[in-house]
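Asker: Okay, so here is coords-v3.cif, and as you'll see once you scroll down, it has mmCIF, C-alpha atoms.
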```cif
data_model
#
loop_
_atom_site.label_atom_id
_atom_site.label_comp_id
_atom_site.auth_asym_id
_atom_site.auth_seq_id
_atom_site.Cartn_x
_atom_site.Cartn_y
_atom_site.Cartn_z
CA MET A 1 11.79 11.06 -29.70
CA VAL A 2 12.85 9.14 -32.78
CA ASP A 3 11.53 5.77 -33.86
CA ASP A 4 14.67 3.81 -33.05
CA GLU A 5 14.52 4.86 -29.38
CA ALA A 6 11.25 3.03 -28.77
CA THR A 7 11.44 -0.38 -27.13
CA LEU A 8 7.70 -0.95 -26.68
CA LEU A 9 4.55 0.26 -28.42
CA ILE A 10 1.24 -0.25 -26.62
CA ARG A 11 -1.14 0.27 -29.53
CA ASP A 12 -4.80 1.33 -29.54
CA VAL A 13 -5.68 1.76 -25.88
CA ARG A 14 -7.92 4.28 -24.12
CA PRO A 15 -6.03 6.04 -21.30
CA TRP A 16 -8.50 6.66 -18.47
CA GLY A 17 -11.31 5.73 -20.87
CA GLY A 18 -10.56 8.60 -23.26
CA ASP A 19 -9.83 8.65 -26.97
CA PRO A 20 -7.85 5.79 -28.54
CA ALA A 21 -4.12 6.34 -28.21
CA ASP A 22 -0.73 4.68 -28.58
CA ILE A 23 1.67 4.66 -25.63
CA VAL A 24 5.32 4.66 -26.70
CA VAL A 25 7.94 3.41 -24.26
CA ALA A 26 11.72 3.63 -24.33
CA GLY A 27 13.37 1.53 -21.67
CA SER A 28 11.44 2.03 -18.46
CA ARG A 29 9.80 5.36 -19.40
CA ILE A 30 6.83 6.58 -21.39
CA VAL A 31 8.23 8.82 -24.11
CA ALA A 32 5.04 9.65 -25.99
CA VAL A 33 1.27 9.29 -25.84
CA THR A 34 -0.08 9.86 -29.34
CA ALA A 35 -3.30 9.45 -31.27
CA ALA A 36 -3.88 5.81 -32.14
CA GLY A 37 -1.92 4.87 -35.25
CA ALA A 38 0.59 7.71 -34.86
CA GLY A 39 2.92 6.00 -32.38
CA ALA A 40 6.49 5.10 -33.27
CA GLY A 41 7.40 1.51 -33.85
CA GLY A 42 8.99 -0.55 -31.13
CA ALA A 43 10.95 -3.72 -30.60
CA ILE A 44 7.83 -5.09 -28.93
CA VAL A 45 4.29 -4.23 -30.01
CA VAL A 46 1.34 -4.85 -27.69
CA GLU A 47 -2.08 -4.76 -29.32
CA GLY A 48 -4.44 -3.03 -26.92
CA ARG A 49 -7.54 -3.64 -29.07
CA GLY A 50 -9.32 -0.64 -27.57
CA ARG A 51 -8.93 -1.72 -23.96
CA LEU A 52 -9.01 0.68 -21.04
CA ALA A 53 -5.53 1.73 -19.87
CA LEU A 54 -4.83 2.82 -16.30
CA PRO A 55 -1.59 3.57 -14.46
CA GLY A 56 -0.23 0.74 -12.34
CA LEU A 57 -2.07 0.12 -9.07
CA VAL A 58 -0.32 1.28 -5.89
CA ASN A 59 -0.48 -0.66 -2.62
CA THR A 60 0.23 1.83 0.16
CA HIS A 61 0.02 -0.58 3.10
CA ALA A 62 1.19 -4.17 2.71
CA HIS A 63 3.02 -6.82 4.78
CA VAL A 64 4.69 -8.86 2.05
CA ASP A 65 7.21 -10.43 4.43
CA LYS A 66 4.77 -12.62 6.34
CA SER A 67 2.20 -14.32 4.16
CA TRP A 68 1.54 -18.04 3.94
CA TRP A 69 0.59 -17.66 0.27
CA GLY A 70 2.21 -20.61 -1.44
CA HIS A 71 1.86 -22.94 1.57
CA PRO A 72 -0.90 -25.49 2.13
CA TRP A 73 -3.90 -24.12 3.97
CA GLU A 74 -2.99 -22.86 7.43
CA SER A 75 -5.84 -23.10 9.94
CA HIS A 76 -6.60 -19.83 11.68
CA GLY A 77 -5.52 -20.22 15.30
CA GLY A 78 -4.45 -18.38 18.40
CA GLU A 79 -6.35 -15.83 20.43
CA GLY A 80 -8.21 -12.86 19.01
CA GLY A 81 -7.22 -9.22 19.32
CA THR A 82 -3.94 -7.52 18.53
CA GLU A 83 -2.01 -9.13 21.38
CA GLY A 84 -3.36 -12.59 20.58
CA ARG A 85 -2.48 -12.29 16.90
CA ILE A 86 1.04 -11.08 17.71
CA ALA A 87 1.61 -14.06 20.01
CA HIS A 88 0.24 -16.54 17.47
CA GLU A 89 2.39 -15.13 14.71
CA ARG A 90 5.52 -15.35 16.84
CA ALA A 91 4.75 -18.99 17.66
CA ARG A 92 4.14 -20.11 14.06
CA ARG A 93 6.27 -17.96 11.76
CA ASP A 94 9.46 -20.07 11.90
CA ALA A 95 7.57 -23.20 10.88
CA LEU A 96 6.23 -21.38 7.83
CA GLY A 97 9.60 -19.95 6.84
CA ILE A 98 8.62 -16.37 7.65
CA PRO A 99 10.33 -14.14 6.71
CA SER A 100 12.04 -15.37 3.56
CA GLU A 101 12.74 -14.29 0.03
CA ALA A 102 10.49 -17.08 -1.28
CA VAL A 103 7.50 -15.94 0.78
CA ALA A 104 7.86 -12.30 -0.26
CA THR A 105 8.45 -13.20 -3.92
CA ARG A 106 5.21 -15.18 -4.10
CA VAL A 107 3.23 -12.26 -2.65
CA LEU A 108 4.85 -9.68 -4.93
CA ARG A 109 4.32 -11.91 -7.95
CA GLU A 110 0.61 -12.12 -7.19
CA SER A 111 0.44 -8.37 -6.68
CA LEU A 112 2.09 -7.83 -10.07
CA ARG A 113 -0.36 -10.23 -11.68
CA THR A 114 -3.25 -8.05 -10.55
CA GLY A 115 -1.62 -4.85 -11.78
CA THR A 116 0.21 -3.47 -8.75
CA THR A 117 3.51 -1.88 -9.73
CA ARG A 118 4.37 0.10 -6.59
CA VAL A 119 4.17 -1.06 -2.98
CA ARG A 120 4.87 0.44 0.41
CA THR A 121 5.38 -2.58 2.64
CA HIS A 122 5.82 -2.89 6.37
CA VAL A 123 8.46 -5.47 7.30
CA ASP A 124 8.72 -6.88 10.80
CA VAL A 125 11.77 -5.81 12.78
CA ASP A 126 12.10 -7.42 16.18
CA LEU A 127 14.54 -9.22 18.45
CA GLY A 128 13.74 -12.56 16.80
CA VAL A 129 14.35 -11.66 13.15
CA GLY A 130 16.47 -8.54 13.44
CA LEU A 131 16.68 -6.92 10.00
CA ARG A 132 16.48 -10.23 8.14
CA GLY A 133 12.97 -9.55 6.88
CA ILE A 134 14.04 -6.35 5.17
CA GLU A 135 16.85 -8.21 3.42
CA ALA A 136 14.38 -10.90 2.28
CA VAL A 137 11.90 -8.38 0.86
CA ARG A 138 14.61 -6.51 -1.01
CA ALA A 139 15.86 -9.79 -2.45
CA ALA A 140 12.31 -10.64 -3.53
CA GLY A 141 12.02 -7.32 -5.33
CA ALA A 142 15.30 -8.02 -7.10
CA ALA A 143 14.09 -11.52 -8.02
CA LEU A 144 11.32 -9.84 -10.01
CA ASP A 145 13.89 -7.51 -11.62
CA ASP A 146 12.46 -4.59 -9.63
CA ALA A 147 9.27 -4.65 -11.72
CA ILE A 148 7.54 -3.56 -8.52
CA GLU A 149 9.02 -0.43 -6.97
CA LEU A 150 9.22 -0.95 -3.21
CA SER A 151 9.23 1.40 -0.26
CA ILE A 152 10.22 -0.26 3.04
CA VAL A 153 8.81 0.47 6.50
CA ALA A 154 10.74 -1.14 9.36
CA PHE A 155 7.82 -2.25 11.51
CA PRO A 156 8.00 -3.17 15.24
CA GLN A 157 4.96 -5.49 15.29
CA ASP A 158 5.68 -6.67 18.84
CA GLY A 159 5.97 -3.17 20.29
CA VAL A 160 8.71 -0.60 20.67
CA LEU A 161 9.47 0.19 24.30
CA ARG A 162 8.26 -3.03 25.88
CA ARG A 163 10.96 -4.94 24.00
CA PRO A 164 14.33 -3.39 24.93
CA GLY A 165 16.56 -3.15 21.89
CA VAL A 166 13.81 -2.53 19.32
CA LEU A 167 14.49 1.21 19.10
CA ASP A 168 18.12 0.39 18.33
CA LEU A 169 16.99 -1.99 15.58
CA LEU A 170 14.76 0.69 14.09
CA ARG A 171 17.63 3.15 14.09
CA ARG A 172 19.86 0.58 12.37
CA ALA A 173 17.14 -0.06 9.78
CA ALA A 174 16.82 3.67 9.06
CA LEU A 175 20.58 4.08 8.73
CA ALA A 176 20.62 1.06 6.39
CA GLY A 177 18.14 2.70 4.06
CA ALA A 178 14.63 1.88 5.27
CA ASP A 179 12.38 4.63 3.97
CA HIS A 180 10.23 4.73 7.10
CA ILE A 181 10.12 3.32 10.59
CA GLY A 182 6.86 2.17 12.12
CA GLY A 183 5.12 2.15 15.43
CA LEU A 184 2.06 0.49 16.90
CA ASP A 185 -0.72 1.71 19.20
CA PRO A 186 1.48 3.73 21.59
CA SER A 187 -1.08 3.69 24.40
CA LEU A 188 -2.46 0.16 24.10
CA ILE A 189 0.74 -1.74 23.23
CA ASP A 190 3.61 0.10 24.92
CA ARG A 191 1.35 1.92 27.40
CA ASP A 192 3.68 4.88 27.08
CA PRO A 193 2.56 7.02 24.14
CA VAL A 194 4.91 9.88 24.89
CA GLY A 195 7.90 7.57 25.25
CA GLN A 196 7.15 5.57 22.10
CA LEU A 197 6.53 8.58 19.89
CA ASP A 198 9.51 10.52 21.26
CA GLY A 199 11.73 7.53 20.47
CA LEU A 200 10.41 7.21 16.91
CA PHE A 201 10.56 10.92 16.16
CA ASP A 202 14.10 11.16 17.54
CA ILE A 203 15.19 8.54 14.98
CA ALA A 204 13.31 10.31 12.19
CA ALA A 205 14.83 13.67 13.07
CA ASP A 206 18.35 12.19 13.26
CA THR A 207 18.24 10.06 10.11
CA GLY A 208 15.74 11.77 7.83
CA CYS A 209 13.55 8.68 7.51
CA GLY A 210 9.77 8.89 7.62
CA ILE A 211 7.33 7.46 10.15
CA ASP A 212 4.39 5.19 9.29
CA LEU A 213 2.39 4.43 12.43
CA HIS A 214 -0.20 1.66 12.85
CA LEU A 215 -2.95 3.23 14.93
CA HIS A 216 -5.91 1.01 15.81
CA GLU A 217 -6.78 2.87 19.00
CA PRO A 218 -10.45 3.93 19.01
CA ALA A 219 -12.32 7.18 19.52
CA GLU A 220 -10.79 9.75 21.88
CA LEU A 221 -7.87 7.51 22.84
CA GLY A 222 -6.89 7.31 19.18
CA ALA A 223 -7.55 11.02 18.68
CA PHE A 224 -5.18 11.69 21.58
CA SER A 225 -2.49 9.73 19.73
CA PHE A 226 -3.24 11.74 16.58
CA ASP A 227 -2.67 14.91 18.61
CA LEU A 228 0.64 13.63 19.97
CA VAL A 229 1.85 12.77 16.48
CA LEU A 230 0.82 16.14 15.08
CA ASP A 231 2.46 17.96 17.98
CA ARG A 232 5.80 16.33 17.15
CA VAL A 233 5.53 16.91 13.42
CA GLU A 234 4.94 20.59 14.13
CA ARG A 235 7.61 20.97 16.79
CA LEU A 236 10.32 19.18 14.83
CA GLY A 237 9.41 20.67 11.47
CA ILE A 238 9.05 17.25 9.81
CA ALA A 239 8.57 17.71 6.06
CA PRO A 240 5.13 17.14 4.51
CA GLY A 241 4.55 13.55 3.41
CA LYS A 242 7.11 12.08 5.84
CA VAL A 243 4.57 10.99 8.47
CA ASN A 244 1.66 8.64 7.82
CA ILE A 245 -1.02 7.18 10.07
CA ALA A 246 -2.28 3.76 8.97
CA HIS A 247 -5.78 2.55 9.84
CA GLY A 248 -6.52 5.50 12.14
CA PHE A 249 -9.93 4.18 13.16
CA ALA A 250 -10.36 7.08 15.57
CA ILE A 251 -10.76 9.55 12.73
CA VAL A 252 -14.17 8.07 11.90
CA ASP A 253 -15.12 7.42 15.54
CA VAL A 254 -14.92 11.02 16.74
CA ASP A 255 -17.62 13.60 16.19
CA PRO A 256 -17.61 15.64 12.95
CA VAL A 257 -16.20 18.79 14.55
CA ARG A 258 -13.28 16.93 16.15
CA ARG A 259 -12.61 15.17 12.82
CA ARG A 260 -12.74 18.47 10.94
CA ASP A 261 -10.17 19.98 13.28
CA LEU A 262 -7.87 16.95 13.05
CA LEU A 263 -8.08 16.91 9.26
CA ALA A 264 -7.34 20.62 9.04
CA ARG A 265 -4.26 20.20 11.17
CA MET A 266 -3.12 17.11 9.26
CA ALA A 267 -3.47 18.96 5.96
CA GLY A 268 -1.47 21.91 7.25
CA LEU A 269 1.36 19.63 8.38
CA GLY A 270 1.26 17.25 5.41
CA VAL A 271 0.40 14.18 7.49
CA THR A 272 -1.20 11.44 5.37
CA MET A 273 -3.30 8.33 6.01
CA THR A 274 -3.64 4.86 4.57
CA THR A 275 -6.59 2.52 4.86
CA VAL A 276 -7.26 -1.12 4.10
CA ALA A 277 -11.01 -0.40 3.91
CA PRO A 278 -11.96 -2.87 6.66
CA VAL A 279 -15.36 -4.48 6.21
CA ARG A 280 -18.08 -3.85 8.80
CA MET A 281 -16.44 -0.57 9.78
CA LYS A 282 -17.06 3.02 8.75
CA GLN A 283 -14.83 4.07 5.87
CA LEU A 284 -12.69 7.19 5.66
CA PRO A 285 -15.00 9.96 4.40
CA LEU A 286 -13.82 10.58 0.85
CA HIS A 287 -15.27 14.07 0.47
CA GLU A 288 -14.10 15.29 3.88
CA PHE A 289 -10.54 14.17 3.21
CA ASP A 290 -10.47 15.74 -0.24
CA ALA A 291 -12.04 18.97 0.99
CA ALA A 292 -9.47 19.23 3.78
CA GLY A 293 -6.59 18.34 1.46
CA VAL A 294 -5.46 15.23 3.37
CA ARG A 295 -3.92 12.59 1.12
CA PHE A 296 -4.79 8.96 1.69
CA GLY A 297 -4.17 5.70 -0.09
CA PHE A 298 -5.39 2.10 -0.17
CA GLY A 299 -3.54 -0.98 1.02
CA THR A 300 -4.13 -4.70 1.20
CA ASP A 301 -2.71 -5.18 4.71
CA GLY A 302 -1.81 -8.86 5.19
CA ILE A 303 -2.43 -11.43 2.47
CA ARG A 304 -3.24 -14.92 3.78
CA ASP A 305 -1.18 -14.47 6.89
CA LEU A 306 -1.28 -15.54 10.51
CA TRP A 307 -3.57 -12.63 11.32
CA SER A 308 -6.27 -13.56 8.82
CA PRO A 309 -6.83 -16.14 6.06
CA TYR A 310 -8.32 -13.45 3.81
CA GLY A 311 -6.60 -11.36 1.15
CA ASP A 312 -5.38 -12.01 -2.37
CA GLY A 313 -3.19 -9.01 -3.15
CA ASP A 314 -5.64 -7.36 -5.55
CA LEU A 315 -5.53 -3.64 -4.75
CA LEU A 316 -8.47 -2.97 -7.10
CA GLY A 317 -10.51 -5.24 -4.84
CA ILE A 318 -9.63 -3.07 -1.84
CA ALA A 319 -10.69 0.04 -3.76
CA TRP A 320 -13.98 -1.70 -4.63
CA GLN A 321 -14.46 -2.60 -0.97
CA PHE A 322 -13.92 1.00 0.09
CA ALA A 323 -16.34 2.31 -2.53
CA ARG A 324 -19.05 -0.27 -1.85
CA ALA A 325 -18.87 0.00 1.94
CA GLY A 326 -18.75 3.80 1.76
CA GLY A 327 -21.75 4.10 -0.52
CA VAL A 328 -19.75 5.61 -3.40
CA VAL A 329 -21.97 5.60 -6.50
CA ARG A 330 -21.52 8.79 -8.55
CA ASP A 331 -19.24 8.66 -11.60
CA GLU A 332 -16.93 11.39 -10.36
CA ASP A 333 -16.54 9.68 -6.98
CA LEU A 334 -15.97 6.23 -8.47
CA THR A 335 -13.31 7.74 -10.72
CA ARG A 336 -11.77 9.46 -7.71
CA VAL A 337 -11.45 6.09 -5.97
CA VAL A 338 -9.61 4.69 -9.00
CA GLN A 339 -7.32 7.72 -8.98
CA LEU A 340 -6.48 7.06 -5.33
CA ALA A 341 -5.73 3.43 -6.16
CA THR A 342 -3.38 4.39 -8.99
CA ARG A 343 -2.15 7.88 -9.85
CA ASP A 344 -2.54 9.57 -6.49
CA GLY A 345 -1.49 6.64 -4.34
CA ALA A 346 1.98 6.68 -5.85
CA ARG A 347 3.18 9.50 -3.58
CA PHE A 348 3.37 6.92 -0.81
CA VAL A 349 6.15 5.18 -2.74
CA THR A 350 7.77 7.73 -5.06
CA ASP A 351 8.13 11.47 -5.56
CA GLU A 352 7.73 11.22 -9.33
CA GLU A 353 4.56 11.53 -11.38
CA HIS A 354 2.69 8.25 -11.82
CA ASP A 355 0.32 8.50 -14.74
CA LEU A 356 -0.03 7.72 -18.43
CA VAL A 357 2.02 10.73 -19.45
CA THR A 358 5.35 11.44 -21.09
CA GLY A 359 8.25 11.03 -18.67
CA ALA A 360 6.47 8.76 -16.20
CA ARG A 361 7.67 5.27 -15.40
CA ALA A 362 5.99 2.92 -17.86
CA ASP A 363 3.49 1.29 -15.51
CA VAL A 364 0.36 0.50 -17.50
CA VAL A 365 -2.54 -1.85 -16.78
CA LEU A 366 -4.91 -2.93 -19.55
CA LEU A 367 -8.47 -3.97 -18.70
CA ASP A 368 -11.39 -5.03 -20.86
CA ALA A 369 -13.64 -2.34 -19.41
CA GLU A 370 -15.64 0.62 -20.68
CA ASN A 371 -14.17 3.20 -18.30
CA PRO A 372 -12.57 3.48 -14.82
CA MET A 373 -15.96 3.28 -13.11
CA ASP A 374 -16.82 0.05 -14.91
CA ALA A 375 -13.40 -1.42 -14.12
CA LEU A 376 -13.89 -0.68 -10.42
CA VAL A 377 -17.44 -1.87 -9.86
CA ARG A 378 -16.89 -5.10 -11.84
CA ARG A 379 -13.37 -5.64 -10.49
CA VAL A 380 -12.37 -6.44 -14.05
CA PRO A 381 -9.50 -8.94 -14.45
CA ARG A 382 -6.27 -7.45 -15.71
CA SER A 383 -5.58 -8.30 -19.35
CA LEU A 384 -1.95 -7.15 -19.43
CA VAL A 385 0.48 -5.46 -17.05
CA VAL A 386 3.44 -3.30 -18.02
CA ALA A 387 5.79 -2.54 -15.13
CA GLY A 388 8.81 -0.36 -15.68
CA GLY A 389 8.54 -0.96 -19.41
CA ARG A 390 8.44 -4.76 -19.13
CA VAL A 391 5.40 -6.69 -20.32
CA PHE A 392 3.79 -9.29 -18.08
CA ASP A 393 0.97 -11.65 -18.99
CA PRO A 394 -1.22 -12.16 -15.89
CA GLU A 395 -1.93 -15.74 -16.91
CA GLU A 396 1.78 -16.52 -16.95
CA LEU A 397 2.18 -14.98 -13.49
CA ALA A 398 -0.72 -16.98 -12.05
CA GLN A 399 0.15 -19.39 -9.26
CA ARG A 400 -1.87 -21.63 -7.04
CA PRO A 401 -1.99 -20.08 -3.57
CA TRP A 402 -1.00 -23.40 -1.99
CA GLU A 403 1.99 -24.20 -4.22
#
```
Take the structure in the file and give it back as structure tokens.

Answerer:
Amino acid sequence: MVDDEATLLIRDVRPWGGDPADIVVAGSRIVAVTAAGAGAGGAIVVEGRGRLALPGLVNTHAHVDKSWWGHPWESHGGEGGTEGRIAHERARRDALGIPSEAVATRVLRESLRTGTTRVRTHVDVDLGVGLRGIEAVRAAGAALDDAIELSIVAFPQDGVLRRPGVLDLLRRAALAGADHIGGLDPSLIDRDPVGQLDGLFDIAADTGCGIDLHLHEPAELGAFSFDLVLDRVERLGIAPGKVNIAHGFAIVDVDPVRRRDLLARMAGLGVTMTTVAPVRMKQLPLHEFDAAGVRFGFGTDGIRDLWSPYGDGDLLGIAWQFARAGGVVRDEDLTRVVQLATRDGARFVTDEEHDLVTGARADVVLLDAENPMDALVRRVPRSLVVAGGRVFDPEELAQRPWE
């Protein structure tokens, strides 16, 4: 690396709370991490002033197509439960302009402001919107000059088999480049778990896309769905990392022996999980997942949408919620949570390394914090965000949620 290659110098920061260093960027890539004061010059120089540097946050489970962020306050309405929320969303989404490029852009902009640089997002695919939501989300990513790297899940929120034509839409989405196709509670929504999962896995086997399944089903009913998913991954030889189970409440409902066996099988087949760390519920057991070798990541779920008025797009807040609700207090465990929210969560979006190292995409978040543990427990505001080598001031990205 020679000096004239550098386009950005992030000077005097502490990667992961370590010794002061300079991070040198050329284009969209980190080309050197040197002792502070030894970095090459750059067209742009960012003064870190000794701040903590972390890799960009990674949101592994979002719904950026259907927020009402940017609209006046929308009163929470409709009936409770999954079916009630689906019906309410279908009744109100057109009036709120959902889906649209503008809606998705506002959500992604807020995510970028809080340091998220990679997102796996579910996008509704149904008979009412077709594939229009996917087009809107891709356009929103382009509107931000692809500062946020996106991975798209074509998501059948209203069910798969009970709405004839949805499987065909999912196949079209996969053929058009969706990274994954989704599914939803095969027993409780479609009431045909074998039929739903066979349909989804047929598409995955034919097109090479992945599967990312919403699974809210509790206890042994949910564990039964886990078994059905794992059976198909094994039988079809689906590659590790191609199948994910989101939420997966059953994994914490079942007894420890049943959970141990499920985790061992998931690890052997490379099946992953994502969680939104729901409050007032048991959290995924950090040590059990790590001991088994099952990867999992954090997601925001919806952000001010027709399912819930909560959510602000801050992935660090979700990591804090997981740690606090799960009783995580030791330094090594708090650091592990930050790793899951950043470095290790990236595998849900990209196959490349995501860290403050030479060759990685230049995704860097600066925080006025002592170390990763301090940043997490205080939910420290982001001082500066670098995404793909471009510098963003969080204050300049700030927007009122109702405008």

Asker: If you apply the PyMOL selection byres ((chain A and resi 76-93) around 9) to this file, what residues do you get, as a ChimeraX atom specification?

Answerer: /A:66,74-75,94-99,128,157-158,189,305-309

Asker: Report the residues retrieved by the PyMOL selection byres ((chain A and resi 6) around 10) from the displayed file, expressed as number ranges by chain.

Answerer: A: 1-5, 7-9, 24-27, 29-32, 39-44

Asker: To verify the selection step, state as a ChimeraX atom specification which residues the PyMOL selection byres ((chain A and resi 103) around 8) yields on this input.

Answerer: /A:64-70,97-102,104-107

Asker: I want to know what sits within 7 Å of A:Gly311, based on all atoms listed in the file, with residues of the same chain fewer than 3 positions away left out; could you give that as a list in words?

Answerer: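 Within the cut-off, the hits are Gly302, Ile303 and Arg304 of chain A.
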
Asker: Just the residues within 12 Å of A:Thr34, please, counting only C-alpha atoms, with nothing from its chain fewer than 6 positions along; format it as a ChimeraX atom specification.

Answerer: /A:1,9-15,19-25,40,356-358

Asker: Quick one, how far is atom CA of A:Val337 from atom CA of A:Ala246?

Answerer: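 Pair atom CA of A:Val337 / atom CA of A:Ala246 returns 17.7 Å.
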
Asker: When you draw a straight line from atom CA of A:Pro218 to atom CA of A:Gly299, how long is it in Å?

Answerer: 19.9 Å

Asker: In Å, how far is it from atom CA of A:Thr121 to atom CA of A:Leu213?

Answerer: 12.4 Å

Asker: Using all atoms listed in the file, which residue out of A:Phe392, A:Ile152, A:Asp333, A:Gly37 lies closest to A:Gly133?

Answerer: A:Ile152

Asker: Take the point (2.9, 11.5, 17.7) as written in the file and pick out every residue within 9 Å of it, counting only C-alpha atoms; give the list as an NGL selection string.

Answerer: :A and (186 or 193-194 or 196-198 or 200-201 or 213 or 224-233)

Asker: Neighbouring residues of A:Leu184 were defined as those with any atom within 8 Å, considering only C-alpha atoms; residues of the same chain fewer than 6 positions away were excluded. Please report them as a PyMOL selection string.

Answerer: chain A and resi 156-157+159-160+213-215

Asker: Got a sec to check which residues sit within 9 Å of (-7.7, 4.8, -5.4), counting all atoms listed in the file, and write them as a list of chain:residue names?

Answerer: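 Residues close enough to count: A:Leu57, A:Val58, A:Phe296, A:Gly297, A:Phe298, A:Leu315, A:Leu316, A:Ile318, A:Ala319, A:Leu334, A:Thr335, A:Arg336, A:Val337, A:Val338, A:Gln339, A:Leu340, A:Ala341, A:Thr342, A:Arg343, A:Asp344, A:Gly345.
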
Asker: Between A:Phe348, A:Glu220, A:Gly359, A:Tyr310, which is the closest to A:Trp73 once you count all atoms listed in the file?

Answerer: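 Closest candidate: A:Tyr310.
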
Asker: Could you tell me which of A:Gly130, A:Gly241, A:Gly177, A:Gly115 comes closest to A:Leu397 if we count all atoms listed in the file?

Answerer: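 For A:Leu397, the nearest of the candidates is A:Gly115.
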
Asker: When distances are computed from all atoms listed in the file, which of A:Asp368, A:Asp206, A:Asp301, A:Asp146 shows the smallest separation from A:His61?

Answerer: A:Asp301

Asker: Between A:Gly222, A:Gly293, A:Gly56, A:Gly248, which residue has the minimum interatomic distance to A:Gly270, considering all atoms listed in the file?

Answerer: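 Closest candidate: A:Gly293.
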
Asker: So that I can check the surroundings of A:Arg265, please list as a tab-separated table (two decimals) with C-alpha atoms, keeping the file's coordinate frame every protein, DNA and RNA residue that reaches within 10 Å of it, counting all atoms listed in the file and ignoring chain neighbours fewer than 3 positions away.

Answerer:
```tsv
chain	number	residue	atom	x	y	z
A	227	ASP	CA	-2.67	14.91	18.61
A	230	LEU	CA	0.82	16.14	15.08
A	231	ASP	CA	2.46	17.96	17.98
A	234	GLU	CA	4.94	20.59	14.13
A	259	ARG	CA	-12.61	15.17	12.82
A	260	ARG	CA	-12.74	18.47	10.94
A	261	ASP	CA	-10.17	19.98	13.28
A	262	LEU	CA	-7.87	16.95	13.05
A	268	GLY	CA	-1.47	21.91	7.25
A	269	LEU	CA	1.36	19.63	8.38
A	270	GLY	CA	1.26	17.25	5.41
A	271	VAL	CA	0.40	14.18	7.49
A	292	ALA	CA	-9.47	19.23	3.78
A	294	VAL	CA	-5.46	15.23	3.37
```

Asker: Using only C-alpha atoms, which of the listed residues (A:Ala174, A:Ala53, A:Ala369, A:Ala277) sits closest to A:Asp355?

Answerer: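 Closest residue, counting only C-alpha atoms: A:Ala53.
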